[in-house]
Amino acid sequence: MNRLASRFILLSVVFAFVAVPTWGAEEVKTLAIGAKAPDFALPGVDGKVHRLSDYAGAKILVIVFTTNHCPTAQAYEDRLIKLADDYKDKGVALVAISPNDPKAVRLDELGYSDLNDSFEEMKIRAKHKGFNFPYLYDGETQKVSKAYGPVATPHVFVFDGDRRLRFVGRIDENERNPKEAKSHDTRNAVEALLAGKPVPVETTRTFGCSVKWSDKRDSVEKAFAAWAKEPVSLEAIDLNGIKDLVKNDTNKLRLINVWSTACGPCVIEFPEFVTINRMYRGRPFEMIGLSVDPASRADEALSFLKDKQASFQNHHYAADDVYAFIEAVDKDWLGAIPYTLLVKPGGQIIYRHMGLIDPLEVKQAIVGYLGRTYK
């Protein structure tokens with residue numbers, strides 16, 4: 001199987017033509033060249049409701065359907081920021097709309113992101129990246145998205161002063177490396193319209209993640225049902241085994257959580273590790289739980305793991321030499337639990353935290369190492 005074919009299968013993206021997607025039983029057509037821009041009134045991450053009429057003064061309106069979690073969308077974020085900045089004084093308005101229903105996104109589709117596509121998480125992403133354009137949410141009803149008809153994220157729609165569609169398609173042809181892009185289709189369309197000339201290429205294919213229409217919610221439910229059936233085990237481990245875990249002589253990023261059923265914060269945060277495992281295990285990543293319950297509570301610890309559906313690697317250290325254990329895990333650890341560390345292949349610890357984790361902080365550390373975009 002060639003490399004491109006592998007990407008299609010493993011990363012669950014679409015190589016989409018400007019064509020006819022479907023939303024449940026309802027047909028959703030991509031807006032045709034020459035069509036008027038459909039009206040909208042959508043909430044933005046800035047706390048305002050944005051309407052099409054708000055941009056009546058712009059010579060050109062660029063609407064980009066994009067989203068938080070998609071690796072291709074993330075690859076183009078900096079280019080959208082630069083596009084908005086380059087043309088802000090030339091009468092060009094750029095508006096981003098997220099078309100995705102966050103309840104239709106499976107956890108294992110979030111392997112390149114620290115965030116899902118909810119409105120609250122859009123606010124986090126916009127602040128983190130410093131978006132200089134409105135970022136609007138259409139995941140509740142998806143009515144606006146159905147009117148425009150994006151087939152992938154990102155998908156660009158460029159309208160002239162009369163709000164007639166003059167270009168629909170990609171930003172450019174190279175999502176991996178902006179410096180190597182040769183066909184700057186969105187910029188070419190904007191430049192042509194500013195010069196009063198016809199757009200040289202009116203439509204292109206667009207590459208990215210499929211739009212998560214609400215009819216995909218059943219896929220999410222099926223995923224949770226399948227994960228619930230996965231086997232859960234708890235294996236005894238000694239000090240040498242602990243040292244091997246932290247040495248991490250693998251090609252995977254390793255997240256280790258030290259916990260106990262008698263530790264309140266451990267119990268509170270544990271479901272977050274189950275979520276993290278489901279998000280990233282399709283990449284070079286593995287989650288490891290390390291119970292320090294006494295031997296007499298081994299059955300209780302296993303029961304807890306099964307209840308939480310913790311189908312990752314779980315170990316039980318029940319020996320009495322607690323300080324030797326602390327030293328084996330991390331010489332910089334003071335000893336309180338829960339304790340979490342992120343270990344690169346070869347044993348370098350790139351994240352450590354004692355006490356309740358901030359799940360977003362952990363996810364950012366993971367995806368910061370693994371990468372947000374296709375290599």
# chains A, B, ... in the order shown; residues from 1 in each chain; ligands from 1

call {"tool": "select_by_dssp", "arguments": {"residues": "range 225-288 of chain A", "states": "strand (DSSP E)", "output": "PyMOL selection string"}}
result
chain A and resi 235-236+253-259+285-288

call {"tool": "residues_around", "arguments": {"residues": "Phe167 in chain A", "least_positions_apart": "3", "cutoff": "6 Å", "atoms": "only C-alpha atoms", "output": "number ranges by chain"}}
result
A: 157-158, 202-203

call {"tool": "write_last_selection", "arguments": {"atoms": "C-alpha atoms", "output": "CSV table (one decimal), in the first residue's frame"}}
result
chain,number,residue,atom,x,y,z
A,157,PHE,CA,-16.0,30.3,-0.2
A,158,VAL,CA,-15.0,33.8,-1.6
A,202,GLU,CA,-13.3,29.3,-9.8
A,203,THR,CA,-13.4,25.8,-8.2

call {"tool": "residues_around", "arguments": {"residues": "range 254-266 of chain A", "least_positions_apart": "4", "cutoff": "6 Å", "atoms": "only C-alpha atoms", "output": "ChimeraX atom specification"}}
result
/A:270,285-293,338-343,356

call {"tool": "write_last_selection", "arguments": {"atoms": "C-alpha atoms", "output": "tab-separated table (two decimals), in the first residue's frame"}}
result
chain	number	residue	atom	x	y	z
A	270	PHE	CA	-8.98	8.74	36.41
A	285	PHE	CA	1.38	6.64	22.28
A	286	GLU	CA	0.53	4.39	25.19
A	287	MET	CA	-1.21	4.93	28.50
A	288	ILE	CA	-0.03	3.08	31.61
A	289	GLY	CA	-1.80	2.99	34.96
A	290	LEU	CA	0.29	2.18	38.02
A	291	SER	CA	-1.69	1.23	41.12
A	292	VAL	CA	-0.04	1.45	44.54
A	293	ASP	CA	-2.91	-0.14	46.42
A	338	PRO	CA	-1.77	11.07	42.10
A	339	TYR	CA	1.43	11.50	40.15
A	340	THR	CA	1.58	11.75	36.37
A	341	LEU	CA	4.53	11.81	34.02
A	342	LEU	CA	4.95	11.84	30.27
A	343	VAL	CA	8.02	9.98	29.05
A	356	LEU	CA	-4.93	16.57	40.12

call {"tool": "closest_residue", "arguments": {"among": "A:Ala336, A:Leu42, A:Ile366, A:Ile268", "to": "Val322 in chain A", "atoms": "only C-alpha atoms"}}
result
A:Ala336

call {"tool": "closest_residue", "arguments": {"among": "A:Tyr135, A:Ala104, A:Ala301, A:Ala75", "to": "Lys48 in chain A", "atoms": "only C-alpha atoms"}}
result
A:Tyr135

call {"tool": "residues_around", "arguments": {"residues": "Ala295 in chain A", "least_positions_apart": "4", "cutoff": "12 Å", "atoms": "only C-alpha atoms", "output": "PyMOL selection string"}}
result
chain A and resi 234-237+260+291+299-302+316-320

call {"tool": "select_by_dssp", "arguments": {"residues": "range 185-242 of chain A", "states": "helix (DSSP H, G or I)", "output": "number ranges by chain"}}
result
A: 185-194, 214-228, 239-242
